[in-house]
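This is work38.cif (mmCIF, C-alpha atoms (C1' of nucleotides)).
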```cif
data_model
loop_
_atom_site.label_atom_id
_atom_site.label_comp_id
_atom_site.auth_asym_id
_atom_site.auth_seq_id
_atom_site.Cartn_x
_atom_site.Cartn_y
_atom_site.Cartn_z
CA MET A 1 -61.66 -86.81 -9.05
CA ALA A 2 -60.74 -85.90 -5.49
CA SER A 3 -63.74 -83.58 -5.62
CA SER A 4 -62.70 -81.94 -2.39
CA ARG A 5 -61.96 -78.25 -2.27
CA THR A 6 -61.38 -75.49 0.23
CA ILE A 7 -63.73 -72.57 0.55
CA GLY A 8 -61.59 -70.42 -1.74
CA ALA A 9 -61.77 -72.98 -4.55
CA LEU A 10 -65.52 -73.39 -4.04
CA SER A 11 -65.86 -69.62 -4.15
CA ARG A 12 -64.11 -69.46 -7.53
CA GLU A 13 -65.95 -72.46 -8.96
CA ALA A 14 -69.39 -71.24 -7.96
CA GLY A 15 -68.76 -67.55 -8.35
CA VAL A 16 -69.90 -66.76 -4.82
CA GLY A 17 -67.83 -64.81 -2.32
CA ILE A 18 -66.13 -66.63 0.55
CA GLU A 19 -67.82 -64.48 3.17
CA THR A 20 -71.15 -65.14 1.51
CA ILE A 21 -70.60 -68.90 1.61
CA ARG A 22 -69.85 -68.74 5.33
CA TYR A 23 -72.91 -66.54 5.77
CA TYR A 24 -75.09 -69.10 3.98
CA GLU A 25 -73.75 -71.78 6.28
CA ARG A 26 -74.38 -69.64 9.35
CA ILE A 27 -78.04 -69.11 8.43
CA GLY A 28 -78.50 -72.78 7.64
CA LEU A 29 -78.92 -72.43 3.89
CA LEU A 30 -75.89 -74.63 3.26
CA PRO A 31 -75.06 -77.62 5.47
CA PRO A 32 -71.86 -77.48 7.53
CA PRO A 33 -69.17 -79.12 5.41
CA ARG A 34 -66.56 -81.63 6.45
CA ARG A 35 -63.62 -80.09 8.29
CA ALA A 36 -59.95 -80.92 8.01
CA GLU A 37 -57.94 -81.25 11.21
CA SER A 38 -56.84 -77.68 10.73
CA GLY A 39 -60.44 -76.61 10.90
CA TYR A 40 -60.52 -75.75 7.17
CA ARG A 41 -63.84 -76.43 5.45
CA HIS A 42 -63.79 -78.99 2.63
CA TYR A 43 -66.52 -79.21 0.04
CA ASN A 44 -67.54 -81.96 -2.36
CA ASP A 45 -69.39 -81.86 -5.70
CA ASP A 46 -72.84 -81.89 -4.12
CA ASP A 47 -71.86 -78.77 -2.27
CA ILE A 48 -71.03 -76.93 -5.49
CA GLY A 49 -74.36 -78.01 -6.93
CA ARG A 50 -76.24 -76.75 -3.95
CA LEU A 51 -74.36 -73.47 -3.88
CA ARG A 52 -74.93 -72.94 -7.61
CA PHE A 53 -78.62 -73.63 -7.05
CA VAL A 54 -78.67 -70.92 -4.39
CA LYS A 55 -76.75 -68.50 -6.59
CA ARG A 56 -79.06 -69.05 -9.52
CA GLY A 57 -82.07 -68.55 -7.27
CA ARG A 58 -80.67 -65.25 -5.99
CA GLU A 59 -79.98 -64.13 -9.56
CA LEU A 60 -83.60 -64.88 -10.34
CA GLY A 61 -84.54 -62.62 -7.46
CA PHE A 62 -85.79 -65.19 -4.96
CA SER A 63 -85.37 -64.41 -1.29
CA ILE A 64 -83.26 -66.59 0.95
CA ASP A 65 -86.41 -68.05 2.47
CA GLU A 66 -87.86 -68.85 -0.93
CA ILE A 67 -84.63 -70.56 -1.89
CA ARG A 68 -84.79 -72.55 1.33
CA THR A 69 -88.20 -73.79 0.23
CA LEU A 70 -87.00 -74.55 -3.30
CA LEU A 71 -84.08 -76.51 -1.91
CA GLN A 72 -86.45 -78.60 0.18
CA LEU A 73 -88.63 -79.21 -2.86
CA ALA A 74 -85.63 -80.23 -4.90
CA ALA A 75 -84.74 -82.74 -2.20
CA GLN A 76 -88.17 -84.43 -2.37
CA PRO A 77 -88.42 -85.61 -5.97
CA GLU A 78 -91.67 -87.51 -5.43
CA GLN A 79 -93.66 -84.50 -4.30
CA PRO A 80 -95.63 -82.56 -6.89
CA CYS A 81 -94.07 -79.21 -7.55
CA ALA A 82 -97.15 -77.03 -7.31
CA GLU A 83 -95.43 -75.13 -4.51
CA ALA A 84 -92.46 -74.29 -6.71
CA ASP A 85 -94.83 -73.21 -9.42
CA ARG A 86 -96.69 -70.97 -6.98
CA LEU A 87 -93.43 -69.37 -5.86
CA VAL A 88 -92.42 -68.66 -9.42
CA ARG A 89 -95.79 -67.18 -10.35
CA GLU A 90 -95.84 -65.03 -7.25
CA HIS A 91 -92.37 -63.82 -7.96
CA LEU A 92 -93.25 -63.18 -11.57
CA ALA A 93 -96.08 -60.92 -10.48
CA GLU A 94 -93.73 -58.99 -8.22
CA VAL A 95 -91.23 -58.55 -11.02
CA GLU A 96 -93.99 -57.27 -13.29
CA GLN A 97 -95.05 -54.81 -10.61
CA ARG A 98 -91.52 -53.57 -10.18
CA ILE A 99 -91.06 -53.14 -13.91
CA ALA A 100 -94.27 -51.12 -14.07
CA ASP A 101 -93.16 -48.95 -11.13
CA LEU A 102 -89.76 -48.36 -12.66
CA SER A 103 -91.27 -47.51 -16.02
CA ARG A 104 -93.41 -44.81 -14.46
CA LEU A 105 -90.33 -43.60 -12.64
CA HIS A 106 -88.39 -43.56 -15.86
CA ALA A 107 -90.98 -41.42 -17.59
CA GLU A 108 -90.98 -38.96 -14.71
CA LEU A 109 -87.21 -38.71 -14.57
CA ALA A 110 -86.88 -38.41 -18.34
CA GLY A 111 -89.18 -35.40 -18.20
CA LEU A 112 -86.83 -33.73 -15.75
CA ALA A 113 -83.38 -34.09 -17.23
CA CYS A 114 -82.92 -31.05 -19.45
CA CYS A 115 -81.97 -27.92 -17.59
CA SER A 116 -78.20 -27.86 -17.12
CA GLU A 117 -77.89 -24.23 -18.16
CA ARG A 118 -80.46 -22.79 -15.82
CA ARG A 119 -80.06 -21.58 -12.30
CA ALA A 120 -81.44 -23.71 -9.50
CA SER A 121 -84.18 -21.18 -8.87
CA ASP A 122 -85.71 -22.08 -12.24
CA CYS A 123 -84.66 -25.71 -12.20
CA ARG A 124 -87.46 -28.05 -13.14
CA ILE A 125 -85.93 -30.81 -11.09
CA ILE A 126 -86.00 -28.77 -7.92
CA GLU A 127 -89.47 -27.52 -8.76
CA ALA A 128 -90.77 -31.00 -9.34
CA LEU A 129 -89.42 -32.17 -6.02
CA ALA A 130 -90.75 -29.15 -4.21
CA GLY A 131 -94.18 -29.83 -5.65
CA ALA A 132 -94.18 -26.53 -7.58
CA PRO A 133 -96.68 -25.97 -10.40
CA LEU A 134 -94.49 -27.33 -13.22
CA PRO A 135 -96.77 -26.08 -16.00
CA HIS A 136 -95.01 -28.24 -18.56
CA ALA A 137 -93.08 -25.31 -20.14
CA MET B 1 -102.64 -19.72 10.10
CA ALA B 2 -100.93 -20.97 13.22
CA SER B 3 -98.92 -23.20 10.89
CA SER B 4 -97.56 -25.15 13.82
CA ARG B 5 -98.17 -28.86 14.11
CA THR B 6 -96.97 -31.79 16.13
CA ILE B 7 -95.13 -34.67 14.54
CA GLY B 8 -98.34 -36.68 14.19
CA ALA B 9 -100.04 -33.93 12.21
CA LEU B 10 -96.95 -33.46 10.03
CA SER B 11 -96.90 -37.19 9.45
CA ARG B 12 -100.50 -37.14 8.19
CA GLU B 13 -100.03 -34.01 6.10
CA ALA B 14 -96.88 -35.20 4.38
CA GLY B 15 -97.74 -38.89 4.26
CA VAL B 16 -94.54 -39.91 5.99
CA GLY B 17 -94.40 -42.10 9.08
CA ILE B 18 -93.62 -40.56 12.47
CA GLU B 19 -90.68 -42.86 13.06
CA THR B 20 -89.36 -41.99 9.63
CA ILE B 21 -89.54 -38.26 10.36
CA ARG B 22 -87.57 -38.74 13.56
CA TYR B 23 -85.13 -40.90 11.62
CA TYR B 24 -84.66 -38.14 9.01
CA GLU B 25 -83.96 -35.68 11.79
CA ARG B 26 -81.49 -38.04 13.42
CA ILE B 27 -79.45 -38.41 10.24
CA GLY B 28 -79.53 -34.67 9.63
CA LEU B 29 -81.79 -34.72 6.58
CA LEU B 30 -84.35 -32.55 8.34
CA PRO B 31 -83.32 -29.75 10.72
CA PRO B 32 -84.26 -30.13 14.39
CA PRO B 33 -87.61 -28.39 14.81
CA ARG B 34 -88.72 -26.02 17.53
CA ARG B 35 -89.68 -27.76 20.77
CA ALA B 36 -92.52 -27.00 23.15
CA GLU B 37 -91.77 -26.94 26.88
CA SER B 38 -93.03 -30.50 27.04
CA GLY B 39 -90.32 -31.51 24.61
CA TYR B 40 -92.83 -32.08 21.78
CA ARG B 41 -91.59 -31.18 18.30
CA HIS B 42 -93.45 -28.43 16.46
CA TYR B 43 -93.22 -27.96 12.74
CA ASN B 44 -94.02 -25.00 10.48
CA ASP B 45 -94.95 -24.80 6.80
CA ASP B 46 -91.36 -24.80 5.59
CA ASP B 47 -90.92 -28.10 7.37
CA ILE B 48 -93.78 -29.70 5.46
CA GLY B 49 -92.30 -28.42 2.22
CA ARG B 50 -88.94 -29.88 3.02
CA LEU B 51 -90.38 -33.21 4.11
CA ARG B 52 -92.53 -33.44 0.98
CA PHE B 53 -89.43 -32.69 -1.08
CA VAL B 54 -87.68 -35.60 0.61
CA LYS B 55 -90.65 -37.89 0.14
CA ARG B 56 -90.93 -37.06 -3.53
CA GLY B 57 -87.22 -37.66 -3.96
CA ARG B 58 -87.50 -41.06 -2.33
CA GLU B 59 -90.46 -41.93 -4.54
CA LEU B 60 -88.31 -41.05 -7.52
CA GLY B 61 -85.76 -43.49 -6.22
CA PHE B 62 -83.04 -41.10 -5.08
CA SER B 63 -80.87 -42.16 -2.18
CA ILE B 64 -80.83 -40.22 1.06
CA ASP B 65 -77.43 -38.79 0.12
CA GLU B 66 -78.66 -37.69 -3.29
CA ILE B 67 -81.61 -35.99 -1.65
CA ARG B 68 -79.23 -34.27 0.72
CA THR B 69 -77.45 -32.84 -2.31
CA LEU B 70 -80.70 -31.86 -4.01
CA LEU B 71 -81.83 -30.07 -0.86
CA GLN B 72 -78.60 -28.10 -0.79
CA LEU B 73 -79.04 -27.22 -4.46
CA ALA B 74 -82.60 -26.11 -3.84
CA ALA B 75 -81.33 -23.84 -1.07
CA GLN B 76 -78.87 -22.06 -3.39
CA PRO B 77 -81.10 -20.60 -6.10
CA GLU B 78 -78.30 -18.66 -7.77
CA GLN B 79 -76.17 -21.69 -8.52
CA PRO B 80 -76.56 -23.36 -11.90
CA CYS B 81 -78.27 -26.70 -11.56
CA ALA B 82 -75.92 -28.82 -13.63
CA GLU B 83 -75.34 -30.96 -10.57
CA ALA B 84 -79.05 -31.70 -10.21
CA ASP B 85 -79.19 -32.52 -13.87
CA ARG B 86 -76.24 -34.88 -13.54
CA LEU B 87 -77.91 -36.65 -10.61
CA VAL B 88 -81.10 -37.12 -12.56
CA ARG B 89 -79.31 -38.43 -15.65
CA GLU B 90 -77.22 -40.81 -13.58
CA HIS B 91 -80.29 -42.03 -11.83
CA LEU B 92 -82.13 -42.39 -15.10
CA ALA B 93 -79.37 -44.65 -16.38
CA GLU B 94 -79.62 -46.80 -13.26
CA VAL B 95 -83.37 -47.10 -13.64
CA GLU B 96 -82.93 -48.14 -17.26
CA GLN B 97 -80.42 -50.74 -16.21
CA ARG B 98 -82.74 -52.11 -13.57
CA ILE B 99 -85.63 -52.28 -16.01
CA ALA B 100 -83.43 -54.18 -18.45
CA ASP B 101 -82.31 -56.59 -15.71
CA LEU B 102 -85.86 -57.17 -14.55
CA SER B 103 -87.05 -57.73 -18.10
CA ARG B 104 -84.50 -60.47 -18.62
CA LEU B 105 -85.55 -61.91 -15.28
CA HIS B 106 -89.17 -61.78 -16.32
CA ALA B 107 -88.49 -63.71 -19.49
CA GLU B 108 -86.62 -66.38 -17.57
CA LEU B 109 -89.28 -66.75 -14.92
CA ALA B 110 -92.09 -66.79 -17.47
CA GLY B 111 -90.39 -69.70 -19.15
CA LEU B 112 -90.50 -71.65 -15.89
CA ALA B 113 -94.05 -71.26 -14.61
CA CYS B 114 -95.92 -74.14 -16.15
CA CYS B 115 -95.45 -77.41 -14.36
CA SER B 116 -97.91 -77.66 -11.49
CA GLU B 117 -98.89 -81.20 -12.31
CA ARG B 118 -95.47 -82.74 -12.44
CA ARG B 119 -93.39 -84.21 -9.70
CA ALA B 120 -90.41 -82.27 -8.42
CA SER B 121 -88.03 -84.72 -10.05
CA ASP B 122 -89.20 -83.52 -13.47
CA CYS B 123 -89.85 -79.95 -12.42
CA ARG B 124 -88.39 -77.45 -14.85
CA ILE B 125 -88.06 -74.91 -12.08
CA ILE B 126 -85.89 -77.17 -10.00
CA GLU B 127 -83.96 -78.24 -13.07
CA ALA B 128 -83.31 -74.67 -14.10
CA LEU B 129 -82.01 -73.81 -10.67
CA ALA B 130 -79.86 -76.88 -10.50
CA GLY B 131 -78.35 -75.99 -13.85
CA ALA B 132 -79.77 -79.11 -15.52
CA PRO B 133 -79.88 -79.40 -19.30
CA LEU B 134 -83.36 -77.90 -19.74
CA PRO B 135 -83.68 -78.91 -23.41
CA HIS B 136 -86.71 -76.70 -23.88
CA ALA B 137 -89.28 -79.50 -23.71
"C1'" DA C 1 -37.03 -70.42 8.59
"C1'" DT C 2 -39.62 -67.23 6.34
"C1'" DT C 3 -42.82 -65.39 3.23
"C1'" DG C 4 -47.25 -64.90 1.56
"C1'" DA C 5 -51.51 -66.93 0.35
"C1'" DC C 6 -54.95 -68.94 2.38
"C1'" DC C 7 -58.13 -70.12 6.25
"C1'" DC C 8 -60.62 -69.49 10.97
"C1'" DT C 9 -64.07 -66.99 14.40
"C1'" DG C 10 -66.61 -63.24 15.85
"C1'" DT C 11 -68.34 -58.80 15.46
"C1'" DA C 12 -69.87 -54.59 13.33
"C1'" DG C 13 -71.32 -51.98 9.41
"C1'" DT C 14 -74.38 -50.95 5.18
"C1'" DG C 15 -79.40 -48.42 3.73
"C1'" DG C 16 -83.61 -46.98 4.97
"C1'" DC C 17 -86.39 -47.64 7.65
"C1'" DT C 18 -89.62 -50.07 11.38
"C1'" DA C 19 -90.82 -51.75 15.91
"C1'" DC C 20 -90.62 -51.96 20.32
"C1'" DA C 21 -89.93 -50.76 25.66
"C1'" DG C 22 -90.60 -47.75 29.10
"C1'" DG C 23 -91.71 -43.66 30.12
"C1'" DG C 24 -93.99 -38.43 29.99
"C1'" DT C 25 -97.93 -35.10 28.30
"C1'" DC C 26 -102.21 -33.44 26.89
"C1'" DT C 27 -107.20 -33.22 26.43
"C1'" DA C 28 -112.09 -34.53 26.62
"C1'" DG C 29 -115.61 -36.58 29.36
"C1'" DG C 30 -117.64 -37.71 33.75
"C1'" DC D 1 -110.61 -33.01 39.97
"C1'" DC D 2 -109.79 -37.41 38.04
"C1'" DT D 3 -109.11 -40.67 34.65
"C1'" DA D 4 -108.83 -42.82 30.12
"C1'" DG D 5 -106.82 -42.80 26.01
"C1'" DA D 6 -104.42 -40.55 22.42
"C1'" DC D 7 -100.41 -38.62 21.63
"C1'" DC D 8 -95.39 -37.66 22.35
"C1'" DC D 9 -90.41 -38.60 24.06
"C1'" DT D 10 -85.64 -41.28 24.00
"C1'" DG D 11 -82.99 -45.10 23.08
"C1'" DT D 12 -82.22 -49.45 21.30
"C1'" DA D 13 -82.77 -53.49 18.44
"C1'" DG D 14 -84.44 -55.72 14.32
"C1'" DC D 15 -85.02 -56.31 9.21
"C1'" DC D 16 -82.49 -58.12 4.54
"C1'" DA D 17 -78.51 -60.03 2.36
"C1'" DC D 18 -74.54 -59.35 2.54
"C1'" DT D 19 -69.66 -57.16 3.25
"C1'" DA D 20 -65.68 -55.81 5.84
"C1'" DC D 21 -62.83 -55.94 9.20
"C1'" DA D 22 -59.66 -57.52 13.43
"C1'" DG D 23 -56.87 -60.69 15.24
"C1'" DG D 24 -55.42 -64.85 14.87
"C1'" DG D 25 -53.97 -69.92 12.82
"C1'" DT D 26 -52.34 -73.05 8.64
"C1'" DC D 27 -50.05 -74.46 4.61
"C1'" DA D 28 -46.88 -74.70 0.53
"C1'" DA D 29 -42.98 -73.06 -1.71
"C1'" DT D 30 -38.52 -71.13 -1.42
#
```

Could the structure of this file be written out as structure tokens, please?
Amino acid sequence: MASSRTIGALSREAGVGIETIRYYERIGLLPPPRRAESGYRHYNDDDIGRLRFVKRGRELGFSIDEIRTLLQLAAQPEQPCAEADRLVREHLAEVEQRIADLSRLHAELAGLACCSERRASDCRIIEALAGAPLPHA
Amino acid sequence: MASSRTIGALSREAGVGIETIRYYERIGLLPPPRRAESGYRHYNDDDIGRLRFVKRGRELGFSIDEIRTLLQLAAQPEQPCAEADRLVREHLAEVEQRIADLSRLHAELAGLACCSERRASDCRIIEALAGAPLPHA
DNA sequence: ATTGACCCTGTAGTGGCTACAGGGTCTAGG
DNA sequence: CCTAGACCCTGTAGCCACTACAGGGTCAAT
């Protein structure tokens, strides 16, 4: 019930690296925690919650700035959350775009991987990169 | 037939930014070109080819170091191209992994975007980030 | 008293560009 | 011949989100 922990314990509990936690504090994403006389940081349960929120946001692909906004929204429970919704939709569109890009990429790469036995002069990979005809065998 | 162009012309022909071309030269990805007395860089047709090769490689998602390797392979036409093939297959696996990751992400985000009219205190987005129960409505 | 795990600050590096600042050069029009 | 404006040069710093030190201090157990 002490609910006070050093940065190492917080790191393990939240699954976020120590250096990353200090970085988040430096950029103002996490508030400066209480300090012991030694100068050691000490975190309480709210701090874990906040850090987990940040971690989850990063896993969902939000930028630090977007997470900053989401944290502010979370702290104002009376405000409507249209802003959060907008962020999510925007992000969703970006993810869809990236999936589409990667799928095209995948098709292109899949068409290349097949020439281990040839010499580089005939290599379809090299040809494709060089912009050679590549008449589809 | 002069086949000599300044960096600006090369930039337009290859579709690569001027600053990026100078950056590629600085890191040794492109060889230093001939210089006019004024100090201006002048590029020939081989240089466009090489730069286009690099551009295409980047578009296919290869790292600068991978492109360095591919360029070396392309310059040794008698070598078998197993190495190029390995690079492509490795890269293909990474792309597949990223598509899978993004697809999971997409599903998660899609499940969140739907609460514009609520207040932040009930917002499923905020809840999901905070690790709240989220009992699926 | 010592060991070793932990913590501190501050700085520099990563990748792949991109954006200046502060200058020099070249060319077309007047 | 002069000037405006487009182009080029070098060198450095910034971007994102960390990550990795270096060089020190603290704490708990033995």

Item to check | Interface list for chain D, partner chain B, 8 Å threshold, only C-alpha atoms (C1' of nucleotides), as a list in words | outcome: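 Listing them in order of chain and number gives DC7, DC8 and DC9 of chain D.
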
What would the file look like if the residues just selected were written as a PDB file, keeping the file's coordinate frame with C-alpha atoms (C1' of nucleotides)?
```
ATOM      1  C1'  DC D   7    -100.410 -38.620  21.630  1.00  0.00           C
ATOM      2  C1'  DC D   8     -95.390 -37.660  22.350  1.00  0.00           C
ATOM      3  C1'  DC D   9     -90.410 -38.600  24.060  1.00  0.00           C
TER       4       DC D   9
END
```

Can you build me a table of chain B residues sitting at most 12 Å from chain C, with the closest atom pair per residue and its distance in Å to one decimal, using all atoms listed in the file, sorted by chain and residue number, as JSON lines?
```
{"residue": "B:Val16", "atom": "CA", "partner": "C:DC17", "partner_atom": "C1'", "distance": 11.4}
{"residue": "B:Gly17", "atom": "CA", "partner": "C:DT18", "partner_atom": "C1'", "distance": 9.6}
{"residue": "B:Ile18", "atom": "CA", "partner": "C:DT18", "partner_atom": "C1'", "distance": 10.4}
{"residue": "B:Glu19", "atom": "CA", "partner": "C:DT18", "partner_atom": "C1'", "distance": 7.5}
{"residue": "B:Thr20", "atom": "CA", "partner": "C:DC17", "partner_atom": "C1'", "distance": 6.7}
{"residue": "B:Ile21", "atom": "CA", "partner": "C:DC17", "partner_atom": "C1'", "distance": 10.3}
{"residue": "B:Arg22", "atom": "CA", "partner": "C:DC17", "partner_atom": "C1'", "distance": 10.7}
{"residue": "B:Tyr23", "atom": "CA", "partner": "C:DC17", "partner_atom": "C1'", "distance": 7.9}
{"residue": "B:Tyr24", "atom": "CA", "partner": "C:DC17", "partner_atom": "C1'", "distance": 9.8}
{"residue": "B:Ile27", "atom": "CA", "partner": "C:DG16", "partner_atom": "C1'", "distance": 10.9}
{"residue": "B:Ala36", "atom": "CA", "partner": "C:DT25", "partner_atom": "C1'", "distance": 11.0}
{"residue": "B:Glu37", "atom": "CA", "partner": "C:DT25", "partner_atom": "C1'", "distance": 10.3}
{"residue": "B:Ser38", "atom": "CA", "partner": "C:DT25", "partner_atom": "C1'", "distance": 6.8}
{"residue": "B:Gly39", "atom": "CA", "partner": "C:DT25", "partner_atom": "C1'", "distance": 9.2}
{"residue": "B:Tyr40", "atom": "CA", "partner": "C:DT25", "partner_atom": "C1'", "distance": 8.8}
{"residue": "B:Arg58", "atom": "CA", "partner": "C:DG16", "partner_atom": "C1'", "distance": 10.2}
{"residue": "B:Gly61", "atom": "CA", "partner": "C:DG16", "partner_atom": "C1'", "distance": 11.9}
{"residue": "B:Phe62", "atom": "CA", "partner": "C:DG16", "partner_atom": "C1'", "distance": 11.7}
{"residue": "B:Ser63", "atom": "CA", "partner": "C:DG15", "partner_atom": "C1'", "distance": 8.7}
{"residue": "B:Ile64", "atom": "CA", "partner": "C:DG16", "partner_atom": "C1'", "distance": 8.3}
{"residue": "B:Asp65", "atom": "CA", "partner": "C:DG15", "partner_atom": "C1'", "distance": 10.5}
```

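Using only C-alpha atoms, the shortest contact distance between chain B and any of A:Ala82, A:Leu71, A:Ala93, A:Ala100 is found at A:Ala82.
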
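One distance worth recording is that between CA of Arg104 (chain B) and CA of Ala9 (chain A), which is 29.5 Å.
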
Given the file shown, determine the residues that the PyMOL selection byres ((chain B and resi 5) around 12) selects; report them as a compact mmCIF listing (two decimals) with C-alpha atoms, keeping the file's coordinate frame.
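Printed below is out12.txt as written:
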```txt
# COMPACT_ATOMS: atom_id res chain seq x y z
CA MET B 1 -102.64 -19.72 10.10
CA ALA B 2 -100.93 -20.97 13.22
CA SER B 3 -98.92 -23.20 10.89
CA SER B 4 -97.56 -25.15 13.82
CA THR B 6 -96.97 -31.79 16.13
CA ILE B 7 -95.13 -34.67 14.54
CA GLY B 8 -98.34 -36.68 14.19
CA ALA B 9 -100.04 -33.93 12.21
CA LEU B 10 -96.95 -33.46 10.03
CA SER B 11 -96.90 -37.19 9.45
CA ARG B 12 -100.50 -37.14 8.19
CA GLU B 13 -100.03 -34.01 6.10
CA ALA B 14 -96.88 -35.20 4.38
CA PRO B 33 -87.61 -28.39 14.81
CA ARG B 34 -88.72 -26.02 17.53
CA ARG B 35 -89.68 -27.76 20.77
CA ALA B 36 -92.52 -27.00 23.15
CA TYR B 40 -92.83 -32.08 21.78
CA ARG B 41 -91.59 -31.18 18.30
CA HIS B 42 -93.45 -28.43 16.46
CA TYR B 43 -93.22 -27.96 12.74
CA ASN B 44 -94.02 -25.00 10.48
CA ASP B 45 -94.95 -24.80 6.80
CA ASP B 46 -91.36 -24.80 5.59
CA ASP B 47 -90.92 -28.10 7.37
CA ILE B 48 -93.78 -29.70 5.46
```

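Nearest to chain B of all the residues A:Arg26, A:Ala75, A:Gly111, A:Leu129 is A:Leu129, based on only C-alpha atoms.
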
Item to check | Neighbours of point (-88.6, -48.0, -12.4) within 12 Å, using only C-alpha atoms (C1' of nucleotides), written as a ChimeraX atom specification | outcome: /A:95-110 /B:59-62,91-103

Checklist entry - What is the distance, in Å and to one decimal place, between CA of Ile126 (chain B) and CA of Leu112 (chain B)? => result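 For CA of Ile126 (chain B) relative to CA of Leu112 (chain B), the distance reads 9.3 Å.
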
Item to check | For chain A, the nearest of the candidates B:Pro80, B:Ala128, B:Arg68, B:Arg52, counting all atoms listed in the file | outcome: B:Pro80

Checklist entry - For chain B, which of A:Leu30, A:Arg86, A:Cys81, A:Thr69 is the closest residue, counting all atoms listed in the file? => result A:Cys81

Output as lines of an AutoDock Vina configuration file the centre and edge lengths (Å, one decimal) of the box along x, y and z of the file that holds every listed atom of region 8-27 of chain D after adding 6 Å on each side.
```
center_x = -72.7
center_y = -56.1
center_z = 13.2
size_x = 57.3
size_y = 48.8
size_z = 33.7
```

Checklist outcome for this item: A straight line from CA of Ile125 (chain B) to CA of Gly15 (chain A) spans 21.0 Å

Next on the checklist: List the spatial neighbours of Ala130 (chain B) as a ChimeraX atom specification - criterion: any atom at most 10 Å away, all atoms listed in the file, same-chain residues fewer than 4 positions off excluded.
Outcome noted: /A:49-57,71,74 /B:124-126,134
